[in-house]
Structures are given as C-alpha cells and as structure tokens.
file run-v5.txt (compact mmCIF, C-alpha atoms)
# COMPACT_ATOMS: atom_id res chain seq x y z
CA MET A 6 0.00 0.00 0.00
CA ASN A 7 2.71 2.43 0.96
CA ASP A 8 4.58 1.34 -2.10
CA MET A 9 1.59 2.24 -4.23
CA LYS A 10 1.29 5.63 -2.58
CA GLN A 11 4.91 6.32 -3.32
CA LYS A 12 4.37 5.37 -6.93
CA GLY A 13 1.32 7.59 -7.10
CA SER A 14 3.13 10.49 -5.56
CA ALA A 15 6.05 10.07 -7.88
CA MET A 16 3.75 10.10 -10.87
CA ALA A 17 1.98 13.17 -9.55
CA VAL A 18 5.27 14.96 -9.85
CA THR A 19 6.33 13.54 -13.17
CA ALA A 20 2.94 13.29 -14.86
CA GLY A 21 2.39 15.47 -17.88
CA THR A 22 5.29 15.08 -20.26
CA ARG A 23 4.17 17.80 -22.58
CA ALA A 24 6.74 20.37 -23.48
CA PRO A 25 6.49 23.67 -21.63
CA GLN A 26 5.02 26.30 -23.88
CA LYS A 27 4.48 29.11 -21.45
CA GLY A 28 3.78 32.59 -22.55
CA GLN A 29 1.71 31.71 -25.62
CA ASP A 30 -1.37 33.36 -24.23
CA PRO A 31 -2.97 33.77 -20.80
CA ILE A 32 -5.87 31.39 -21.48
CA ALA A 33 -3.62 28.56 -22.63
CA ASP A 34 -1.32 29.14 -19.67
CA GLY A 35 -4.28 29.17 -17.31
CA LEU A 36 -5.75 25.96 -18.72
CA ARG A 37 -2.34 24.30 -18.47
CA GLN A 38 -2.01 25.47 -14.89
CA LEU A 39 -5.46 24.15 -13.95
CA TRP A 40 -4.52 20.71 -15.30
CA ALA A 41 -1.12 20.75 -13.62
CA ASP A 42 -2.59 21.82 -10.27
CA VAL A 43 -4.90 18.80 -10.18
CA GLU A 44 -2.14 16.44 -11.29
CA ALA A 45 0.07 17.75 -8.49
CA GLU A 46 -2.56 17.12 -5.78
CA PRO A 47 -1.94 14.12 -3.52
CA VAL A 48 -3.97 11.17 -4.75
CA PRO A 49 -6.71 10.23 -2.24
CA ASP A 50 -6.39 6.81 -0.61
CA ASP A 51 -9.71 5.80 -2.20
CA PHE A 52 -7.93 5.33 -5.51
CA PHE A 53 -5.43 2.92 -4.05
CA ASP A 54 -8.19 1.10 -2.20
CA ILE A 55 -9.82 0.46 -5.57
CA LEU A 56 -6.59 -0.90 -6.98
CA ASP A 57 -6.20 -3.07 -3.89
CA ARG A 58 -9.67 -4.48 -4.48
CA ILE A 59 -8.77 -5.07 -8.10
CA ASP A 60 -5.65 -6.93 -7.01
CA ALA A 61 -7.66 -9.02 -4.56
CA ALA A 62 -10.21 -9.86 -7.25
CA ARG A 63 -7.41 -10.78 -9.64
CA ALA A 64 -5.78 -13.06 -7.07
CA LYS A 65 -9.12 -14.71 -6.36
CA LEU A 66 -9.73 -15.20 -10.07
CA GLN A 67 -6.31 -16.70 -10.60
CA ASP A 68 -6.83 -19.04 -7.65
CA SER A 69 -10.16 -20.22 -9.00
CA ASP A 70 -8.64 -20.65 -12.47
CA GLN A 71 -5.91 -22.83 -11.09
CA THR A 72 -8.42 -24.79 -9.01
CA GLY A 73 -10.61 -25.24 -12.06
CA LYS A 74 -7.71 -26.36 -14.20
CA GLY A 75 -6.61 -28.74 -11.46
CA SER A 76 -10.11 -30.20 -11.26
CA GLY A 77 -10.27 -30.41 -15.03
CA GLY A 78 -7.00 -32.26 -15.17
CA ALA A 79 -8.08 -34.72 -12.54
CA ALA A 80 -11.40 -35.40 -14.23
CA MET B 7 2.34 -23.11 -20.38
CA MET B 8 4.29 -21.67 -17.48
CA ALA B 9 5.81 -19.13 -19.82
CA GLU B 10 2.33 -18.05 -20.89
CA VAL B 11 1.23 -17.62 -17.29
CA ASP B 12 4.37 -15.64 -16.48
CA GLU B 13 3.82 -13.47 -19.52
CA GLN B 14 0.22 -12.83 -18.56
CA ARG B 15 1.15 -11.92 -15.01
CA SER B 16 3.88 -9.64 -16.25
CA ALA B 17 1.42 -7.92 -18.57
CA GLU B 18 -1.05 -7.49 -15.73
CA ARG B 19 1.63 -6.05 -13.48
CA GLN B 20 2.52 -3.58 -16.19
CA PHE B 21 -1.13 -2.72 -16.75
CA ARG B 22 -1.59 -2.11 -13.04
CA ALA B 23 1.50 0.10 -12.93
CA ASP B 24 0.12 2.06 -15.88
CA LEU B 25 -3.17 2.50 -14.02
CA VAL B 26 -1.37 3.86 -10.96
CA ALA B 27 0.68 6.18 -13.12
CA ILE B 28 -2.26 7.71 -14.91
CA VAL B 29 -4.40 8.43 -11.84
CA PRO B 30 -3.29 12.09 -11.51
CA SER B 31 -4.10 12.77 -15.16
CA LEU B 32 -7.42 10.95 -14.93
CA ARG B 33 -8.34 13.15 -11.98
CA ALA B 34 -7.40 16.23 -13.96
CA PHE B 35 -9.54 15.22 -16.93
CA ALA B 36 -12.46 14.27 -14.71
CA ARG B 37 -12.20 17.59 -12.91
CA GLY B 38 -12.34 19.32 -16.26
CA LEU B 39 -15.53 17.46 -17.13
CA CYS B 40 -17.27 17.76 -13.76
CA GLY B 41 -15.88 20.87 -12.16
CA ASN B 42 -16.67 19.31 -8.81
CA ARG B 43 -13.75 17.63 -7.03
CA ASP B 44 -15.70 14.88 -5.28
CA LEU B 45 -17.79 13.95 -8.30
CA ALA B 46 -14.72 14.02 -10.49
CA ASP B 47 -12.88 11.64 -8.19
CA ASP B 48 -15.87 9.28 -8.20
CA LEU B 49 -15.81 9.41 -11.99
CA ALA B 50 -12.07 8.74 -12.16
CA GLN B 51 -12.35 5.79 -9.77
CA GLU B 52 -15.16 4.26 -11.79
CA ALA B 53 -13.09 4.71 -14.93
CA LEU B 54 -10.23 2.87 -13.25
CA ALA B 55 -12.51 -0.05 -12.40
CA LYS B 56 -13.91 -0.11 -15.94
CA ALA B 57 -10.45 -0.04 -17.42
CA TRP B 58 -9.44 -3.01 -15.36
CA ALA B 59 -12.53 -4.91 -16.44
CA ALA B 60 -11.78 -4.05 -20.08
CA ARG B 61 -8.02 -4.59 -19.88
CA ASP B 62 -8.12 -7.38 -22.45
CA SER B 63 -9.36 -4.90 -25.05
CA PHE B 64 -6.27 -2.72 -24.65
CA GLN B 65 -3.70 -3.29 -27.35
CA PRO B 66 -0.18 -3.10 -25.87
CA GLY B 67 1.89 -0.57 -27.72
CA THR B 68 -1.07 1.71 -28.44
CA ASN B 69 -1.71 4.94 -26.56
CA PHE B 70 -2.73 3.96 -23.02
CA ARG B 71 -3.37 7.56 -22.04
CA ALA B 72 -5.85 8.11 -24.85
CA TRP B 73 -7.47 4.73 -24.14
CA MET B 74 -8.03 5.64 -20.50
CA PHE B 75 -9.36 9.10 -21.29
CA ARG B 76 -11.78 7.55 -23.77
CA ILE B 77 -13.06 5.17 -21.11
CA LEU B 78 -13.55 7.96 -18.62
CA ARG B 79 -15.25 10.19 -21.16
CA ASN B 80 -17.57 7.45 -22.42
CA HIS B 81 -18.51 6.56 -18.87
CA PHE B 82 -19.23 10.19 -18.12
CA TYR B 83 -21.48 10.74 -21.11
CA THR B 84 -23.16 7.38 -21.58
CA VAL B 85 -23.65 6.18 -18.04
CA ALA B 86 -23.10 8.91 -15.55
CA VAL B 87 -24.97 11.72 -17.23
CA VAL B 88 -27.83 9.47 -18.27
CA ALA B 89 -28.17 8.33 -14.68
CA LYS B 90 -27.98 11.99 -13.64
CA ARG B 91 -25.21 11.17 -11.24
CA PHE B 92 -22.84 13.57 -12.90
CA VAL B 93 -24.05 16.77 -14.47
CA PRO B 94 -21.56 18.50 -16.72
CA TYR B 95 -20.04 21.14 -14.54
CA ASP B 96 -22.00 20.61 -11.37
CA PRO B 97 -23.75 23.76 -10.08
CA ASP B 98 -21.80 23.34 -6.85
CA ALA B 99 -18.63 23.83 -8.82
CA THR B 100 -18.85 27.58 -8.51
CA ALA B 101 -18.89 27.32 -4.73
CA HIS B 102 -15.87 25.02 -4.81
CA ILE B 103 -14.06 27.35 -7.15
CA GLN B 104 -14.73 30.42 -5.06
CA GLN B 105 -13.18 28.71 -2.06
CA SER B 106 -10.06 27.88 -4.02
CA ALA B 107 -6.91 29.90 -3.74
CA PRO B 108 -6.63 32.75 -6.21
CA THR B 109 -3.78 31.13 -8.08
CA GLN B 110 -2.29 33.17 -10.84
CA GLY B 111 -1.66 31.47 -14.14
CA GLY B 112 -0.37 33.33 -17.14
CA GLY B 113 -1.49 36.64 -15.75
CA ILE B 114 -5.10 35.61 -15.12
CA VAL B 115 -6.88 34.48 -11.99
CA LEU B 116 -7.52 30.77 -12.34
CA ALA B 117 -10.79 30.96 -10.45
CA ASP B 118 -12.06 33.38 -13.10
CA LEU B 119 -10.95 30.98 -15.80
CA GLN B 120 -12.82 28.13 -14.10
CA ARG B 121 -15.95 30.23 -13.92
CA GLY B 122 -15.52 30.98 -17.59
CA LEU B 123 -15.16 27.27 -18.35
CA ALA B 124 -18.41 26.65 -16.52
CA THR B 125 -20.23 28.90 -18.98
CA LEU B 126 -19.09 26.91 -22.04
CA PRO B 127 -20.97 24.08 -23.76
CA ALA B 128 -19.63 20.75 -22.50
CA GLU B 129 -18.03 19.82 -25.82
CA GLN B 130 -16.06 23.07 -25.99
CA ARG B 131 -14.93 22.80 -22.37
CA GLU B 132 -13.90 19.20 -22.93
CA ALA B 133 -11.85 20.09 -26.00
CA LEU B 134 -10.07 22.91 -24.20
CA VAL B 135 -9.28 20.70 -21.21
CA LEU B 136 -7.95 17.89 -23.40
CA MET B 137 -5.80 20.36 -25.29
CA GLU B 138 -3.66 20.61 -22.15
CA SER B 139 -3.71 16.88 -21.42
CA GLY B 140 -0.54 16.04 -23.31
CA LEU B 141 -2.43 14.32 -26.14
CA GLN B 142 -1.84 15.09 -29.80
CA TRP B 143 -4.63 16.56 -31.91
CA GLU B 144 -5.49 13.24 -33.52
CA GLU B 145 -5.61 11.57 -30.12
CA ILE B 146 -7.95 14.23 -28.78
CA ALA B 147 -10.24 13.63 -31.75
CA ASP B 148 -10.09 9.93 -31.01
CA VAL B 149 -10.97 10.45 -27.35
CA MET B 150 -13.83 12.80 -28.27
CA ASN B 151 -14.98 10.47 -31.05
CA CYS B 152 -15.26 13.23 -33.62
CA PRO B 153 -13.32 14.49 -36.65
CA LEU B 154 -10.17 16.51 -36.10
CA GLY B 155 -11.77 19.54 -37.71
CA THR B 156 -14.57 19.42 -35.17
CA VAL B 157 -12.07 19.37 -32.32
CA LYS B 158 -10.27 22.40 -33.70
CA SER B 159 -13.55 24.21 -34.25
CA ARG B 160 -14.66 23.54 -30.68
CA ILE B 161 -11.33 24.74 -29.33
CA THR B 162 -11.46 27.90 -31.42
CA ARG B 163 -15.00 28.70 -30.35
CA GLY B 164 -14.31 27.77 -26.74
CA ARG B 165 -11.22 29.92 -26.57
CA ALA B 166 -13.07 32.86 -28.10
CA ALA B 167 -15.90 32.51 -25.62
CA LEU B 168 -13.45 32.23 -22.74
CA LYS B 169 -11.61 35.32 -23.90
CA ARG B 170 -14.87 37.24 -24.09
CA TYR B 171 -15.71 36.09 -20.57
CA MET B 172 -12.28 36.98 -19.20
CA ASP B 173 -12.24 40.36 -20.91
CA GLY B 174 -15.74 41.10 -19.71
CA PRO B 175 -18.60 42.41 -21.82
CA ASP B 176 -18.88 45.99 -22.93
CA ASP B 177 -22.31 46.25 -21.41
CA ALA B 178 -21.96 46.38 -17.62
CA GLU B 179 -25.48 45.02 -17.15
CA THR B 180 -24.48 41.71 -18.68
CA ALA B 181 -21.11 41.51 -16.94
CA PRO B 182 -20.27 38.11 -15.46
CA ALA B 183 -19.76 37.90 -11.74
CA ARG B 184 -16.07 38.58 -11.65
CA VAL B 185 -14.26 38.43 -8.35
CA THR B 186 -11.85 41.19 -7.61
CA ARG B 187 -9.00 40.15 -5.46
CA ALA B 188 -6.21 42.17 -3.99
call {"tool": "encode", "arguments": {"input": "run-v5.txt", "output": "structure tokens"}}
result
Amino acid sequence: MNDMKQKGSAMAVTAGTRAPQKGQDPIADGLRQLWADVEAEPVPDDFFDILDRIDAARAKLQDSDQTGKGSGGAA
Amino acid sequence: MMAEVDEQRSAERQFRADLVAIVPSLRAFARGLCGNRDLADDLAQEALAKAWAARDSFQPGTNFRAWMFRILRNHFYTVAVVAKRFVPYDPDATAHIQQSAPTQGGGIVLADLQRGLATLPAEQREALVLMESGLQWEEIADVMNCPLGTVKSRITRGRAALKRYMDGPDDAETAPARVTRA
C-alpha cells in the first residue's frame, strides 16, 4: 500500500510530459495550470483502495482458475 | 504453459502500474468534465474499475493515455450523465471554485478561468481541457470520437468565448460575476 502511494506520488510529480510552452497566451497558460494543479494534488487513498480491491479480485480469479484447471486435469 | 502464465502476469503487473501512473491525469480530466472535485474523483475511480474490467481490449503498444481518457469520457457521457449522477459542470462547482486559492496562471486568476469554463458548452470545455492533457490533436479527436476539424472548431469557439468572458462584456449590465482580489 505504501509502495503504491509512493508510486502515485512520484507520478503526480512527473505526470504530464508535454513540453512547456508558457507565454503563448494567458488562457492557454491558465488551462495548463489548472490541469497541472490537479495532477500535483496528492492522490486520495480511495484510488489505491480500488486498486487493492482489483488486485484481490485478480488473485481470487487466478486461484479459482488454477483450481478449475486442477479439477479439469483430474477429471 | 508456465511461460504463458508468467507473460500474462507480467502484462497485468505492467497494466496495473500504468493505471497507478495515470491516476493524476485521470483526476485532472475528470475535474475538467465535472468541475466538482468529489464527483470528479468518483468518476475517475469508476473509470479505473472499468479499465481493469476491459483490460483485455487494450492493445499493448497503443496509446494507453488516450485509451483511459476515452473510457472515462464514455462513462461520463453514456452512463453517468444518463443516470444523472454527474451533471456537466456541477452547479456546486462555482462554490468550490470560489473557495479555491486565487492562483495566478499566465497573468489571469484561475478561479475566473474556471468560472468561464463553466459557462461553455460541454463539448467546448472538454476540447479545451484535453488540449492541455498532453495528447496530440489526432488523439484528442479519437478520445472525443469526432473528426479533427470538429475538435479544432470547438477549441477555437471555446477559446473565443473564454476570452470574451475573461475580458468582460462591454455592457456592464451583462457583466459576469467577476471576483476582484487584492
């Protein structure tokens, strides 16, 4: 979990690989800043909880697949 | 057989890492669609879950960012809006915006810009937001599911409307509620 948060935080800093084009016009700069401000916000834990649930579901699915294949092989 | 399983697990690990990496951008796009922070985060989370469910449809090597934005956008318009869970630019957005810090960006007050965005038709606002998403023109058209010319037209019209809003009308009676800050 902490590992995921660190990844998320790291991406918050590095996200947005577009080239800086400041000074084109105030509206473009403002729109770019709005986007960057949200990207720079800490990601709420809820997002990582969802990924945790996805991981748990994936593990459960893989377990049942293996069980099913094992049953199939024995049959 | 084992090699196939290993390959699949490796692909899923990569997919998961890509999901984690794109969360900040998903939140930014969702915020641009909704205006409201809480609703936007709900939207982004649901897009994450949908992306995971549809992971087999993603072609490795294609643009993951555009694929994710398309999922979020489609969910917003086809499911969320229909169910009236998310209204484009929630009316509460103005209240949220007014509480935000008066950040300066390019010489304009961002809160004013957000209020201006709220006055635009959804398709123009969406095009303007995506323009700053890091996607190329063709990718934006792909996400918005419309021709490139339509994207450019929406951006042109949206920018013009925003500029009019930011400059303020000539007639004081129709002036937007601009906030003057020290």
call {"tool": "interface_residues", "arguments": {"input": "run-v5.txt", "of": "chain B", "to": "chain A", "cutoff": "10 Å", "atoms": "all atoms listed in the file", "output": "PDB file with C-alpha atoms, keeping the file's coordinate frame"}}
result
ATOM      1  CA  ARG B  15       1.150 -11.920 -15.010  1.00  0.00           C
ATOM      2  CA  GLU B  18      -1.050  -7.490 -15.730  1.00  0.00           C
ATOM      3  CA  ARG B  19       1.630  -6.050 -13.480  1.00  0.00           C
ATOM      4  CA  ARG B  22      -1.590  -2.110 -13.040  1.00  0.00           C
ATOM      5  CA  ALA B  23       1.500   0.100 -12.930  1.00  0.00           C
ATOM      6  CA  LEU B  25      -3.170   2.500 -14.020  1.00  0.00           C
ATOM      7  CA  VAL B  26      -1.370   3.860 -10.960  1.00  0.00           C
ATOM      8  CA  ALA B  27       0.680   6.180 -13.120  1.00  0.00           C
ATOM      9  CA  ILE B  28      -2.260   7.710 -14.910  1.00  0.00           C
ATOM     10  CA  VAL B  29      -4.400   8.430 -11.840  1.00  0.00           C
ATOM     11  CA  PRO B  30      -3.290  12.090 -11.510  1.00  0.00           C
ATOM     12  CA  SER B  31      -4.100  12.770 -15.160  1.00  0.00           C
ATOM     13  CA  LEU B  32      -7.420  10.950 -14.930  1.00  0.00           C
ATOM     14  CA  ARG B  33      -8.340  13.150 -11.980  1.00  0.00           C
ATOM     15  CA  ALA B  34      -7.400  16.230 -13.960  1.00  0.00           C
ATOM     16  CA  PHE B  35      -9.540  15.220 -16.930  1.00  0.00           C
ATOM     17  CA  ALA B  36     -12.460  14.270 -14.710  1.00  0.00           C
ATOM     18  CA  ARG B  37     -12.200  17.590 -12.910  1.00  0.00           C
ATOM     19  CA  GLY B  38     -12.340  19.320 -16.260  1.00  0.00           C
ATOM     20  CA  ARG B  43     -13.750  17.630  -7.030  1.00  0.00           C
ATOM     21  CA  ASP B  47     -12.880  11.640  -8.190  1.00  0.00           C
ATOM     22  CA  ASP B  48     -15.870   9.280  -8.200  1.00  0.00           C
ATOM     23  CA  ALA B  50     -12.070   8.740 -12.160  1.00  0.00           C
ATOM     24  CA  GLN B  51     -12.350   5.790  -9.770  1.00  0.00           C
ATOM     25  CA  GLU B  52     -15.160   4.260 -11.790  1.00  0.00           C
ATOM     26  CA  LEU B  54     -10.230   2.870 -13.250  1.00  0.00           C
ATOM     27  CA  ALA B  55     -12.510  -0.050 -12.400  1.00  0.00           C
ATOM     28  CA  TRP B  58      -9.440  -3.010 -15.360  1.00  0.00           C
ATOM     29  CA  ALA B  59     -12.530  -4.910 -16.440  1.00  0.00           C
ATOM     30  CA  THR B 109      -3.780  31.130  -8.080  1.00  0.00           C
ATOM     31  CA  GLN B 110      -2.290  33.170 -10.840  1.00  0.00           C
ATOM     32  CA  GLY B 111      -1.660  31.470 -14.140  1.00  0.00           C
ATOM     33  CA  GLY B 112      -0.370  33.330 -17.140  1.00  0.00           C
ATOM     34  CA  GLY B 113      -1.490  36.640 -15.750  1.00  0.00           C
ATOM     35  CA  ILE B 114      -5.100  35.610 -15.120  1.00  0.00           C
ATOM     36  CA  VAL B 115      -6.880  34.480 -11.990  1.00  0.00           C
ATOM     37  CA  LEU B 116      -7.520  30.770 -12.340  1.00  0.00           C
ATOM     38  CA  ALA B 117     -10.790  30.960 -10.450  1.00  0.00           C
ATOM     39  CA  ASP B 118     -12.060  33.380 -13.100  1.00  0.00           C
ATOM     40  CA  LEU B 119     -10.950  30.980 -15.800  1.00  0.00           C
ATOM     41  CA  GLN B 120     -12.820  28.130 -14.100  1.00  0.00           C
ATOM     42  CA  LEU B 123     -15.160  27.270 -18.350  1.00  0.00           C
ATOM     43  CA  LEU B 134     -10.070  22.910 -24.200  1.00  0.00           C
ATOM     44  CA  VAL B 135      -9.280  20.700 -21.210  1.00  0.00           C
ATOM     45  CA  LEU B 136      -7.950  17.890 -23.400  1.00  0.00           C
ATOM     46  CA  MET B 137      -5.800  20.360 -25.290  1.00  0.00           C
ATOM     47  CA  GLU B 138      -3.660  20.610 -22.150  1.00  0.00           C
ATOM     48  CA  SER B 139      -3.710  16.880 -21.420  1.00  0.00           C
ATOM     49  CA  GLY B 140      -0.540  16.040 -23.310  1.00  0.00           C
ATOM     50  CA  LEU B 141      -2.430  14.320 -26.140  1.00  0.00           C
ATOM     51  CA  GLN B 142      -1.840  15.090 -29.800  1.00  0.00           C
ATOM     52  CA  ARG B 165     -11.220  29.920 -26.570  1.00  0.00           C
ATOM     53  CA  ALA B 166     -13.070  32.860 -28.100  1.00  0.00           C
ATOM     54  CA  LEU B 168     -13.450  32.230 -22.740  1.00  0.00           C
ATOM     55  CA  LYS B 169     -11.610  35.320 -23.900  1.00  0.00           C
ATOM     56  CA  MET B 172     -12.280  36.980 -19.200  1.00  0.00           C
TER      57      MET B 172
END
call {"tool": "atom_distance", "arguments": {"input": "run-v5.txt", "atom1": "atom CA of Val157 of chain B", "atom2": "atom CA of Leu39 of chain B"}}
result
15.7 Å
call {"tool": "atom_distance", "arguments": {"input": "run-v5.txt", "atom1": "atom CA of Ala61 of chain A", "atom2": "atom CA of Leu49 of chain B"}}
result
21.5 Å
call {"tool": "residues_around", "arguments": {"input": "run-v5.txt", "residues": "Ser63 of chain B", "least_positions_apart": "4", "cutoff": "12 Å", "atoms": "only C-alpha atoms", "output": "PDB file with C-alpha atoms, in the coordinates of the input"}}
result
ATOM      1  CA  PHE B  21      -1.130  -2.720 -16.750  1.00  0.00           C
ATOM      2  CA  LYS B  56     -13.910  -0.110 -15.940  1.00  0.00           C
ATOM      3  CA  ALA B  57     -10.450  -0.040 -17.420  1.00  0.00           C
ATOM      4  CA  TRP B  58      -9.440  -3.010 -15.360  1.00  0.00           C
ATOM      5  CA  ALA B  59     -12.530  -4.910 -16.440  1.00  0.00           C
ATOM      6  CA  THR B  68      -1.070   1.710 -28.440  1.00  0.00           C
ATOM      7  CA  PHE B  70      -2.730   3.960 -23.020  1.00  0.00           C
ATOM      8  CA  TRP B  73      -7.470   4.730 -24.140  1.00  0.00           C
ATOM      9  CA  MET B  74      -8.030   5.640 -20.500  1.00  0.00           C
ATOM     10  CA  ILE B  77     -13.060   5.170 -21.110  1.00  0.00           C
TER      11      ILE B  77
END
call {"tool": "closest_residue", "arguments": {"input": "run-v5.txt", "among": "B:Gly164, B:Pro66, B:Phe75, B:Ala53", "to": "Ala128 of chain B", "atoms": "only C-alpha atoms"}}
result
B:Gly164
call {"tool": "closest_residue", "arguments": {"input": "run-v5.txt", "among": "B:Gln14, B:Asn42, B:Gln20, B:Asn69", "to": "Ala124 of chain B", "atoms": "all atoms listed in the file"}}
result
B:Asn42
call {"tool": "atom_distance", "arguments": {"input": "run-v5.txt", "atom1": "atom CA of Asp44 of chain B", "atom2": "atom CA of Met150 of chain B"}}
result
23.2 Å
call {"tool": "closest_residue", "arguments": {"input": "run-v5.txt", "among": "B:Gln65, B:Gln130, B:Asn151, B:Thr125", "to": "Arg170 of chain B", "atoms": "only C-alpha atoms"}}
result
B:Thr125
